[in-house]
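Trainee: Before I ask anything, here is the structure I am working with.
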Amino acid sequence: MSQGPLSSVRVKVHKTRLNVMWRSNKRSWVTQIFFSEWVNDVFGPTVRNYLVDKQLPLKALLVLDNAPAHPRQLQDDLFPENQFITIKFLPPNTTPLLQPMDQQVIANFKKIYMKALLERCVHVIDTTELTLRQFWKEQFNIMGALRLIDKAWEGVSRRTLHSAWRNVWPEGVPERDFEGFGPAPASAPVDDPEALLVDDIVALGHTLGLEVAAADVQELVEKHSDELTTEELLELQKELVQQEVQELSSGEEEVCEDAIPSSEIREVLGMFEKVTAFAEKHHHDKAVTTRCVNLFNDNVLSRFRDILKRRQQQVTRDMVSGQGGKRRACDIEPQPGPSGVKFPKRASPPDPEVVSPSSP
């Protein structure tokens with residue numbers, strides 16, 4: 001085997017520079033925030049550009065099922081420039097029957113992707129000195145996956161896409177694409193494109209020394225068929241926010257807690273209470289207001305409340321023990337006395353009689 005362009009050196013990908021909106025979580029599920037962001041930042045501009053380029057009316061219909069990741073208030077959350085989009089939800093419990101993407105589109109895409117991935121693995125093994133394990137662990141990255149995703153989506157046939165709309169919008173489907181097209185028989189014929197795809201995947205797997213059967217392919221295709229519940233998505237979103245807060249609060253640029261005066265924290269918390277009261281009083285969407293306030297309050301400001309709480313607990317422990325000990329800068333924040341002069345925090349309150357207005 002000849003040494004190809006690949007080596008065993010790990011390649012680092014800058015996710016912020018990808019030509020797609022990259023978001024991730026440990027469960028690989030779309031959340032309401034992710035989906036809303038995608039609709040406004042990716043889907044809307046892309047559809048607008050397409051309509052303008054084709055000189056079509058600036059109108060679009062986005063059909064959604066009732067998955068928990070699809071916010072019911074999404075129409076109200078559209079940016080002003082995306083108001084040309086109309087969002088309609090399918091009736092509950094009809095996804096397997098009506099949802100266009102559920103009519104073999106996703107399954108077909110996954111199979112094409114698997115075939116392309118295995119073809120890539122075979123090519124690497126044949127043209128480089130890398131083992132399959134080395135390629136998978138050190139060379140296959142997000143960029144490689146995106147290229148295969150693009151290739152797989154291009155491989156989804158027009159006929160498959162047309163057939164996906166037949167149940168929900170039969171008038172919009174060209175009849176000529178359905179000659180001889182009907183429900184798949186129990187035993188797929190030899191010339192069935194889906195069956196041929198599965199056969200190719202199994203053969204490629206065997207070429208790589210993998211034990212793969214048609215049933216394994218089907219299992220992979222259906223792996224994410226069960227949707228998360230609303231409660232699971234909310235819990236996942238909470239975990240994501242907490243993770244982001246931890247990432248922002250870690251590293252070399254993290255502000256030392258000792259450098260934040262308690263008075264400044266109290267002032268900021270007080271201002272947030274005023275902002276909250278103003279928003280709750282005047283914002284037209286009370287549900288959105290409550291959700292945003294709670295999200296920021298629980299996952300951002302809670303950190304600073306904890307700082308105040310820890311400091312107060314430390315003061316209380318010092319008062320009980322009667323020992324001041326070595327104090328941090330934040331614990332000796334000046335406090336005003338009766339004469340206007342500020343005293344450091346102490347285990348016991350300062351004696352005002354020893355202070356005069358002329359004291360420094």
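Chain labels run A, B, ... following the order of the structure tokens; each chain numbers its residues from 1, and ligands are numbered from 1 in the order shown.
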Which polymer residues have any atom within 6 Å of an atom of range 53-70 of chain A, counting only C-alpha atoms, with same-chain residues fewer than 4 positions away left out, as a list in words?
Mentor: Thr31, Gln32, Asn49, Phe84, Ile85, Thr86, Ile87, Lys88, Phe89, Leu90 and Thr230 of chain A
Trainee: Please, could you write that set of residues out with all heavy atoms as a PDB file, in the first residue's frame?
Mentor:
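selection.pdb written:
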```pdb
ATOM      1  N   THR A  31     -32.988  20.918  20.537  1.00  0.00           N
ATOM      2  CA  THR A  31     -33.808  21.547  21.562  1.00  0.00           C
ATOM      3  C   THR A  31     -34.601  22.692  20.944  1.00  0.00           C
ATOM      4  O   THR A  31     -34.358  23.096  19.806  1.00  0.00           O
ATOM      5  CB  THR A  31     -32.942  22.095  22.710  1.00  0.00           C
ATOM      6  OG1 THR A  31     -32.099  23.139  22.192  1.00  0.00           O
ATOM      7  CG2 THR A  31     -32.074  20.999  23.301  1.00  0.00           C
ATOM      8  N   GLN A  32     -35.545  23.241  21.682  1.00  0.00           N
ATOM      9  CA  GLN A  32     -36.351  24.347  21.171  1.00  0.00           C
ATOM     10  C   GLN A  32     -35.498  25.560  20.845  1.00  0.00           C
ATOM     11  O   GLN A  32     -35.711  26.229  19.825  1.00  0.00           O
ATOM     12  CB  GLN A  32     -37.437  24.718  22.186  1.00  0.00           C
ATOM     13  CG  GLN A  32     -38.530  23.684  22.321  1.00  0.00           C
ATOM     14  CD  GLN A  32     -39.720  24.200  23.111  1.00  0.00           C
ATOM     15  OE1 GLN A  32     -39.801  25.363  23.481  1.00  0.00           O
ATOM     16  NE2 GLN A  32     -40.680  23.313  23.365  1.00  0.00           N
ATOM     17  N   ASN A  49     -33.381  33.801  -0.014  1.00  0.00           N
ATOM     18  CA  ASN A  49     -32.458  33.884  -1.156  1.00  0.00           C
ATOM     19  C   ASN A  49     -32.941  33.033  -2.323  1.00  0.00           C
ATOM     20  O   ASN A  49     -32.822  33.430  -3.491  1.00  0.00           O
ATOM     21  CB  ASN A  49     -31.053  33.447  -0.731  1.00  0.00           C
ATOM     22  CG  ASN A  49     -30.407  34.420   0.231  1.00  0.00           C
ATOM     23  OD1 ASN A  49     -30.789  35.593   0.297  1.00  0.00           O
ATOM     24  ND2 ASN A  49     -29.423  33.961   0.993  1.00  0.00           N
ATOM     25  N   PHE A  84     -42.257  36.422   6.376  1.00  0.00           N
ATOM     26  CA  PHE A  84     -42.875  35.875   5.167  1.00  0.00           C
ATOM     27  C   PHE A  84     -43.117  34.367   5.295  1.00  0.00           C
ATOM     28  O   PHE A  84     -43.786  33.767   4.446  1.00  0.00           O
ATOM     29  CB  PHE A  84     -41.984  36.143   3.944  1.00  0.00           C
ATOM     30  CG  PHE A  84     -40.684  35.389   3.938  1.00  0.00           C
ATOM     31  CD1 PHE A  84     -40.575  34.153   3.322  1.00  0.00           C
ATOM     32  CD2 PHE A  84     -39.559  35.898   4.582  1.00  0.00           C
ATOM     33  CE1 PHE A  84     -39.383  33.447   3.323  1.00  0.00           C
ATOM     34  CE2 PHE A  84     -38.358  35.203   4.598  1.00  0.00           C
ATOM     35  CZ  PHE A  84     -38.266  33.971   3.964  1.00  0.00           C
ATOM     36  N   ILE A  85     -42.615  33.761   6.355  1.00  0.00           N
ATOM     37  CA  ILE A  85     -42.774  32.324   6.586  1.00  0.00           C
ATOM     38  C   ILE A  85     -44.039  32.083   7.411  1.00  0.00           C
ATOM     39  O   ILE A  85     -44.235  32.709   8.456  1.00  0.00           O
ATOM     40  CB  ILE A  85     -41.556  31.736   7.313  1.00  0.00           C
ATOM     41  CG1 ILE A  85     -40.286  31.946   6.499  1.00  0.00           C
ATOM     42  CG2 ILE A  85     -41.771  30.255   7.620  1.00  0.00           C
ATOM     43  CD1 ILE A  85     -39.020  31.556   7.233  1.00  0.00           C
ATOM     44  N   THR A  86     -44.877  31.175   6.959  1.00  0.00           N
ATOM     45  CA  THR A  86     -46.051  30.748   7.718  1.00  0.00           C
ATOM     46  C   THR A  86     -45.782  29.356   8.278  1.00  0.00           C
ATOM     47  O   THR A  86     -45.356  28.460   7.539  1.00  0.00           O
ATOM     48  CB  THR A  86     -47.304  30.709   6.837  1.00  0.00           C
ATOM     49  OG1 THR A  86     -47.561  32.022   6.330  1.00  0.00           O
ATOM     50  CG2 THR A  86     -48.513  30.234   7.636  1.00  0.00           C
ATOM     51  N   ILE A  87     -46.011  29.181   9.559  1.00  0.00           N
ATOM     52  CA  ILE A  87     -45.730  27.907  10.219  1.00  0.00           C
ATOM     53  C   ILE A  87     -47.036  27.201  10.543  1.00  0.00           C
ATOM     54  O   ILE A  87     -47.932  27.782  11.163  1.00  0.00           O
ATOM     55  CB  ILE A  87     -44.907  28.130  11.497  1.00  0.00           C
ATOM     56  CG1 ILE A  87     -43.553  28.764  11.145  1.00  0.00           C
ATOM     57  CG2 ILE A  87     -44.707  26.818  12.252  1.00  0.00           C
ATOM     58  CD1 ILE A  87     -42.734  29.168  12.335  1.00  0.00           C
ATOM     59  N   LYS A  88     -47.147  25.971  10.103  1.00  0.00           N
ATOM     60  CA  LYS A  88     -48.332  25.159  10.374  1.00  0.00           C
ATOM     61  C   LYS A  88     -47.909  23.848  11.030  1.00  0.00           C
ATOM     62  O   LYS A  88     -46.954  23.210  10.596  1.00  0.00           O
ATOM     63  CB  LYS A  88     -49.098  24.854   9.083  1.00  0.00           C
ATOM     64  CG  LYS A  88     -49.712  26.082   8.415  1.00  0.00           C
ATOM     65  CD  LYS A  88     -50.816  26.686   9.265  1.00  0.00           C
ATOM     66  CE  LYS A  88     -51.482  27.851   8.548  1.00  0.00           C
ATOM     67  NZ  LYS A  88     -52.550  28.452   9.386  1.00  0.00           N
ATOM     68  N   PHE A  89     -48.646  23.447  12.063  1.00  0.00           N
ATOM     69  CA  PHE A  89     -48.366  22.191  12.757  1.00  0.00           C
ATOM     70  C   PHE A  89     -49.342  21.110  12.303  1.00  0.00           C
ATOM     71  O   PHE A  89     -50.542  21.366  12.142  1.00  0.00           O
ATOM     72  CB  PHE A  89     -48.479  22.380  14.271  1.00  0.00           C
ATOM     73  CG  PHE A  89     -47.318  23.121  14.879  1.00  0.00           C
ATOM     74  CD1 PHE A  89     -47.306  24.502  14.924  1.00  0.00           C
ATOM     75  CD2 PHE A  89     -46.232  22.429  15.395  1.00  0.00           C
ATOM     76  CE1 PHE A  89     -46.238  25.191  15.470  1.00  0.00           C
ATOM     77  CE2 PHE A  89     -45.157  23.098  15.946  1.00  0.00           C
ATOM     78  CZ  PHE A  89     -45.159  24.484  15.990  1.00  0.00           C
ATOM     79  N   LEU A  90     -48.815  19.921  12.084  1.00  0.00           N
ATOM     80  CA  LEU A  90     -49.661  18.791  11.738  1.00  0.00           C
ATOM     81  C   LEU A  90     -50.510  18.390  12.943  1.00  0.00           C
ATOM     82  O   LEU A  90     -50.147  18.674  14.093  1.00  0.00           O
ATOM     83  CB  LEU A  90     -48.796  17.606  11.302  1.00  0.00           C
ATOM     84  CG  LEU A  90     -47.975  17.792  10.023  1.00  0.00           C
ATOM     85  CD1 LEU A  90     -47.021  16.619   9.846  1.00  0.00           C
ATOM     86  CD2 LEU A  90     -48.884  17.930   8.818  1.00  0.00           C
ATOM     87  N   THR A 230     -41.156  16.174  26.489  1.00  0.00           N
ATOM     88  CA  THR A 230     -40.961  17.586  26.807  1.00  0.00           C
ATOM     89  C   THR A 230     -40.100  17.739  28.056  1.00  0.00           C
ATOM     90  O   THR A 230     -39.217  18.591  28.116  1.00  0.00           O
ATOM     91  CB  THR A 230     -42.322  18.270  27.021  1.00  0.00           C
ATOM     92  OG1 THR A 230     -43.114  18.124  25.834  1.00  0.00           O
ATOM     93  CG2 THR A 230     -42.140  19.746  27.334  1.00  0.00           C
TER      94      THR A 230
END
```
Trainee: Tell me which protein, DNA and RNA residues are within 10 Å of Ile33 in chain A, counting only C-alpha atoms, leaving out same-chain ones fewer than 3 positions away, and put them as number ranges by chain.
Mentor: A: 30, 36-38, 69-71, 237
Trainee: Just to be explicit: take each residue in the selection above, keep C-alpha atoms, and write the result as a PDB file, in the first residue's frame.
Mentor:
```
ATOM      1  CA  VAL A  30     -32.400  19.219  18.898  1.00  0.00           C
ATOM      2  CA  SER A  36     -35.612  28.472  16.803  1.00  0.00           C
ATOM      3  CA  GLU A  37     -32.086  29.668  16.200  1.00  0.00           C
ATOM      4  CA  TRP A  38     -31.798  27.509  13.089  1.00  0.00           C
ATOM      5  CA  ALA A  69     -38.255  20.536  20.014  1.00  0.00           C
ATOM      6  CA  HIS A  70     -40.675  22.505  17.820  1.00  0.00           C
ATOM      7  CA  PRO A  71     -41.865  25.532  19.860  1.00  0.00           C
ATOM      8  CA  GLN A 237     -31.748  22.426  27.859  1.00  0.00           C
TER       9      GLN A 237
END
```
Trainee: Residues at most 10 Å from Leu301 in chain A, counting only C-alpha atoms, excluding those fewer than 3 positions away in the same chain, as a list in words?
Mentor: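 Using only C-alpha atoms, the neighbours found are Ile265, Val268, Leu269, Phe272, Asn294, Leu295, Phe296, Asn297, Asp298, Phe304, Arg305 and Asp306 of chain A.
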Trainee: For CA of Leu118 in chain A and CA of Asp192 in chain A, determine how far apart the two atoms are, in Å to one decimal place.
Mentor: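 Interatomic distance here is 20.7 Å.
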Trainee: Measuring atom to atom with only C-alpha atoms, identify which of A:Ile142, A:Met114, A:Ala203, A:Val293 is nearest to Glu273 in chain A.
Mentor: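 Closest candidate: A:Val293.
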Trainee: Hey, which of A:Leu78, A:Ile112, A:Leu130, A:Leu51 ends up closest to Val221 in chain A? Count only C-alpha atoms.
Mentor: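 Using only C-alpha atoms, the shortest distance to Val221 in chain A belongs to A:Ile112.
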Trainee: Could you check how far CA of Val156 in chain A sits from CA of Thr94 in chain A, in Å to one decimal?
Mentor: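 A separation of 23.5 Å between them.
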Trainee: Mind the document's chain letters and residue numbers, and return as an NGL selection string the residues of range 93-165 of chain A that DSSP labels alpha helix (DSSP H).
Mentor: :A and (95-98 or 105-127 or 132-134 or 142-155 or 158-164)
Trainee: If you count only C-alpha atoms, which residues fall within 10 Å of Gly205 in chain A, apart from same-chain ones fewer than 2 positions away, as a PDB file with all heavy atoms, in the first residue's frame?
Mentor:
```pdb
ATOM      1  N   MET A 114     -24.537   6.081   5.282  1.00  0.00           N
ATOM      2  CA  MET A 114     -23.772   4.913   5.737  1.00  0.00           C
ATOM      3  C   MET A 114     -22.948   4.320   4.602  1.00  0.00           C
ATOM      4  O   MET A 114     -21.782   3.949   4.793  1.00  0.00           O
ATOM      5  CB  MET A 114     -24.705   3.864   6.322  1.00  0.00           C
ATOM      6  CG  MET A 114     -25.106   4.114   7.762  1.00  0.00           C
ATOM      7  SD  MET A 114     -25.959   2.694   8.495  1.00  0.00           S
ATOM      8  CE  MET A 114     -27.599   2.944   7.838  1.00  0.00           C
ATOM      9  N   LYS A 115     -23.556   4.251   3.419  1.00  0.00           N
ATOM     10  CA  LYS A 115     -22.823   3.712   2.277  1.00  0.00           C
ATOM     11  C   LYS A 115     -21.631   4.604   1.933  1.00  0.00           C
ATOM     12  O   LYS A 115     -20.509   4.117   1.702  1.00  0.00           O
ATOM     13  CB  LYS A 115     -23.751   3.600   1.070  1.00  0.00           C
ATOM     14  CG  LYS A 115     -23.047   3.072  -0.175  1.00  0.00           C
ATOM     15  CD  LYS A 115     -23.985   3.003  -1.375  1.00  0.00           C
ATOM     16  CE  LYS A 115     -23.231   2.563  -2.627  1.00  0.00           C
ATOM     17  NZ  LYS A 115     -24.110   2.500  -3.816  1.00  0.00           N
ATOM     18  N   LEU A 118     -18.815   4.164   4.577  1.00  0.00           N
ATOM     19  CA  LEU A 118     -18.066   2.914   4.410  1.00  0.00           C
ATOM     20  C   LEU A 118     -17.196   2.952   3.155  1.00  0.00           C
ATOM     21  O   LEU A 118     -16.080   2.411   3.157  1.00  0.00           O
ATOM     22  CB  LEU A 118     -19.026   1.733   4.371  1.00  0.00           C
ATOM     23  CG  LEU A 118     -19.789   1.444   5.675  1.00  0.00           C
ATOM     24  CD1 LEU A 118     -20.746   0.281   5.495  1.00  0.00           C
ATOM     25  CD2 LEU A 118     -18.821   1.166   6.822  1.00  0.00           C
ATOM     26  N   GLU A 119     -17.680   3.578   2.100  1.00  0.00           N
ATOM     27  CA  GLU A 119     -16.871   3.732   0.895  1.00  0.00           C
ATOM     28  C   GLU A 119     -15.623   4.556   1.194  1.00  0.00           C
ATOM     29  O   GLU A 119     -14.532   4.259   0.696  1.00  0.00           O
ATOM     30  CB  GLU A 119     -17.684   4.403  -0.213  1.00  0.00           C
ATOM     31  CG  GLU A 119     -18.722   3.503  -0.846  1.00  0.00           C
ATOM     32  CD  GLU A 119     -19.571   4.224  -1.874  1.00  0.00           C
ATOM     33  OE1 GLU A 119     -19.664   5.468  -1.788  1.00  0.00           O
ATOM     34  OE2 GLU A 119     -20.156   3.559  -2.756  1.00  0.00           O
ATOM     35  N   CYS A 121     -14.141   4.754   4.104  1.00  0.00           N
ATOM     36  CA  CYS A 121     -13.253   3.906   4.906  1.00  0.00           C
ATOM     37  C   CYS A 121     -12.476   2.927   4.025  1.00  0.00           C
ATOM     38  O   CYS A 121     -11.263   2.731   4.205  1.00  0.00           O
ATOM     39  CB  CYS A 121     -14.069   3.137   5.946  1.00  0.00           C
ATOM     40  SG  CYS A 121     -14.792   4.170   7.244  1.00  0.00           S
ATOM     41  N   VAL A 122     -13.168   2.315   3.087  1.00  0.00           N
ATOM     42  CA  VAL A 122     -12.507   1.371   2.179  1.00  0.00           C
ATOM     43  C   VAL A 122     -11.430   2.081   1.369  1.00  0.00           C
ATOM     44  O   VAL A 122     -10.315   1.561   1.180  1.00  0.00           O
ATOM     45  CB  VAL A 122     -13.543   0.711   1.246  1.00  0.00           C
ATOM     46  CG1 VAL A 122     -12.836  -0.086   0.145  1.00  0.00           C
ATOM     47  CG2 VAL A 122     -14.474  -0.195   2.043  1.00  0.00           C
ATOM     48  N   ASP A 199     -27.901  -3.830   0.622  1.00  0.00           N
ATOM     49  CA  ASP A 199     -26.944  -4.841   0.161  1.00  0.00           C
ATOM     50  C   ASP A 199     -25.550  -4.233  -0.007  1.00  0.00           C
ATOM     51  O   ASP A 199     -24.538  -4.862   0.357  1.00  0.00           O
ATOM     52  CB  ASP A 199     -27.412  -5.440  -1.171  1.00  0.00           C
ATOM     53  CG  ASP A 199     -28.646  -6.311  -1.016  1.00  0.00           C
ATOM     54  OD1 ASP A 199     -28.934  -6.709   0.131  1.00  0.00           O
ATOM     55  OD2 ASP A 199     -29.322  -6.572  -2.033  1.00  0.00           O
ATOM     56  N   ASP A 200     -25.481  -3.029  -0.552  1.00  0.00           N
ATOM     57  CA  ASP A 200     -24.184  -2.366  -0.732  1.00  0.00           C
ATOM     58  C   ASP A 200     -23.519  -2.084   0.613  1.00  0.00           C
ATOM     59  O   ASP A 200     -22.309  -2.252   0.773  1.00  0.00           O
ATOM     60  CB  ASP A 200     -24.364  -1.047  -1.499  1.00  0.00           C
ATOM     61  CG  ASP A 200     -24.736  -1.272  -2.960  1.00  0.00           C
ATOM     62  OD1 ASP A 200     -24.532  -2.399  -3.445  1.00  0.00           O
ATOM     63  OD2 ASP A 200     -25.224  -0.320  -3.595  1.00  0.00           O
ATOM     64  N   ILE A 201     -24.310  -1.639   1.583  1.00  0.00           N
ATOM     65  CA  ILE A 201     -23.766  -1.339   2.914  1.00  0.00           C
ATOM     66  C   ILE A 201     -23.203  -2.605   3.556  1.00  0.00           C
ATOM     67  O   ILE A 201     -22.109  -2.614   4.129  1.00  0.00           O
ATOM     68  CB  ILE A 201     -24.857  -0.711   3.809  1.00  0.00           C
ATOM     69  CG1 ILE A 201     -25.245   0.677   3.280  1.00  0.00           C
ATOM     70  CG2 ILE A 201     -24.387  -0.619   5.259  1.00  0.00           C
ATOM     71  CD1 ILE A 201     -26.467   1.260   3.955  1.00  0.00           C
ATOM     72  N   VAL A 202     -23.957  -3.702   3.460  1.00  0.00           N
ATOM     73  CA  VAL A 202     -23.509  -4.972   4.037  1.00  0.00           C
ATOM     74  C   VAL A 202     -22.226  -5.448   3.360  1.00  0.00           C
ATOM     75  O   VAL A 202     -21.267  -5.874   4.027  1.00  0.00           O
ATOM     76  CB  VAL A 202     -24.611  -6.035   3.900  1.00  0.00           C
ATOM     77  CG1 VAL A 202     -24.084  -7.409   4.325  1.00  0.00           C
ATOM     78  CG2 VAL A 202     -25.827  -5.655   4.755  1.00  0.00           C
ATOM     79  N   ALA A 203     -22.162  -5.320   2.033  1.00  0.00           N
ATOM     80  CA  ALA A 203     -20.970  -5.764   1.301  1.00  0.00           C
ATOM     81  C   ALA A 203     -19.751  -4.926   1.673  1.00  0.00           C
ATOM     82  O   ALA A 203     -18.644  -5.462   1.864  1.00  0.00           O
ATOM     83  CB  ALA A 203     -21.236  -5.671  -0.207  1.00  0.00           C
ATOM     84  N   THR A 207     -16.195  -6.040   3.473  1.00  0.00           N
ATOM     85  CA  THR A 207     -14.881  -5.694   2.921  1.00  0.00           C
ATOM     86  C   THR A 207     -13.955  -5.155   3.996  1.00  0.00           C
ATOM     87  O   THR A 207     -12.737  -5.398   3.978  1.00  0.00           O
ATOM     88  CB  THR A 207     -15.036  -4.635   1.799  1.00  0.00           C
ATOM     89  OG1 THR A 207     -15.873  -5.173   0.771  1.00  0.00           O
ATOM     90  CG2 THR A 207     -13.686  -4.243   1.218  1.00  0.00           C
ATOM     91  N   LEU A 208     -14.534  -4.451   4.950  1.00  0.00           N
ATOM     92  CA  LEU A 208     -13.745  -3.873   6.044  1.00  0.00           C
ATOM     93  C   LEU A 208     -13.556  -4.863   7.199  1.00  0.00           C
ATOM     94  O   LEU A 208     -12.963  -4.507   8.222  1.00  0.00           O
ATOM     95  CB  LEU A 208     -14.433  -2.605   6.568  1.00  0.00           C
ATOM     96  CG  LEU A 208     -14.473  -1.419   5.597  1.00  0.00           C
ATOM     97  CD1 LEU A 208     -15.419  -0.345   6.106  1.00  0.00           C
ATOM     98  CD2 LEU A 208     -13.063  -0.858   5.411  1.00  0.00           C
ATOM     99  N   GLY A 209     -14.072  -6.054   7.047  1.00  0.00           N
ATOM    100  CA  GLY A 209     -13.931  -7.048   8.102  1.00  0.00           C
ATOM    101  C   GLY A 209     -14.936  -6.887   9.213  1.00  0.00           C
ATOM    102  O   GLY A 209     -14.713  -7.378  10.333  1.00  0.00           O
ATOM    103  N   LEU A 210     -16.035  -6.211   8.948  1.00  0.00           N
ATOM    104  CA  LEU A 210     -17.062  -5.985   9.963  1.00  0.00           C
ATOM    105  C   LEU A 210     -18.181  -6.995   9.810  1.00  0.00           C
ATOM    106  O   LEU A 210     -18.538  -7.386   8.695  1.00  0.00           O
ATOM    107  CB  LEU A 210     -17.633  -4.563   9.837  1.00  0.00           C
ATOM    108  CG  LEU A 210     -16.630  -3.414   9.899  1.00  0.00           C
ATOM    109  CD1 LEU A 210     -17.345  -2.085   9.637  1.00  0.00           C
ATOM    110  CD2 LEU A 210     -15.931  -3.377  11.255  1.00  0.00           C
ATOM    111  N   GLU A 211     -18.740  -7.410  10.924  1.00  0.00           N
ATOM    112  CA  GLU A 211     -19.876  -8.328  10.895  1.00  0.00           C
ATOM    113  C   GLU A 211     -21.156  -7.506  10.799  1.00  0.00           C
ATOM    114  O   GLU A 211     -21.687  -7.007  11.801  1.00  0.00           O
ATOM    115  CB  GLU A 211     -19.879  -9.207  12.141  1.00  0.00           C
ATOM    116  CG  GLU A 211     -18.682 -10.146  12.239  1.00  0.00           C
ATOM    117  CD  GLU A 211     -18.752 -11.047  13.456  1.00  0.00           C
ATOM    118  OE1 GLU A 211     -19.772 -10.981  14.184  1.00  0.00           O
ATOM    119  OE2 GLU A 211     -17.807 -11.819  13.677  1.00  0.00           O
ATOM    120  N   VAL A 212     -21.639  -7.318   9.600  1.00  0.00           N
ATOM    121  CA  VAL A 212     -22.817  -6.484   9.359  1.00  0.00           C
ATOM    122  C   VAL A 212     -23.866  -7.301   8.620  1.00  0.00           C
ATOM    123  O   VAL A 212     -23.557  -8.007   7.656  1.00  0.00           O
ATOM    124  CB  VAL A 212     -22.450  -5.239   8.515  1.00  0.00           C
ATOM    125  CG1 VAL A 212     -23.672  -4.349   8.326  1.00  0.00           C
ATOM    126  CG2 VAL A 212     -21.318  -4.468   9.166  1.00  0.00           C
ATOM    127  N   ALA A 213     -25.110  -7.185   9.072  1.00  0.00           N
ATOM    128  CA  ALA A 213     -26.233  -7.840   8.409  1.00  0.00           C
ATOM    129  C   ALA A 213     -27.284  -6.791   8.074  1.00  0.00           C
ATOM    130  O   ALA A 213     -27.245  -5.669   8.579  1.00  0.00           O
ATOM    131  CB  ALA A 213     -26.832  -8.923   9.307  1.00  0.00           C
TER     132      ALA A 213
END
```
Trainee: Find the residues near Met21 in chain A: any atom within 9 Å, counting only C-alpha atoms, skip ones fewer than 5 places away on the same chain, and give them as number ranges by chain.
Mentor: A: 15-16, 38, 41-42
Trainee: Hey, which of A:His283, A:Ser263, A:Leu117, A:Asp216 ends up closest to Phe135 in chain A? Count only C-alpha atoms.
Mentor: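 The closest residue to Phe135 in chain A is A:Leu117.
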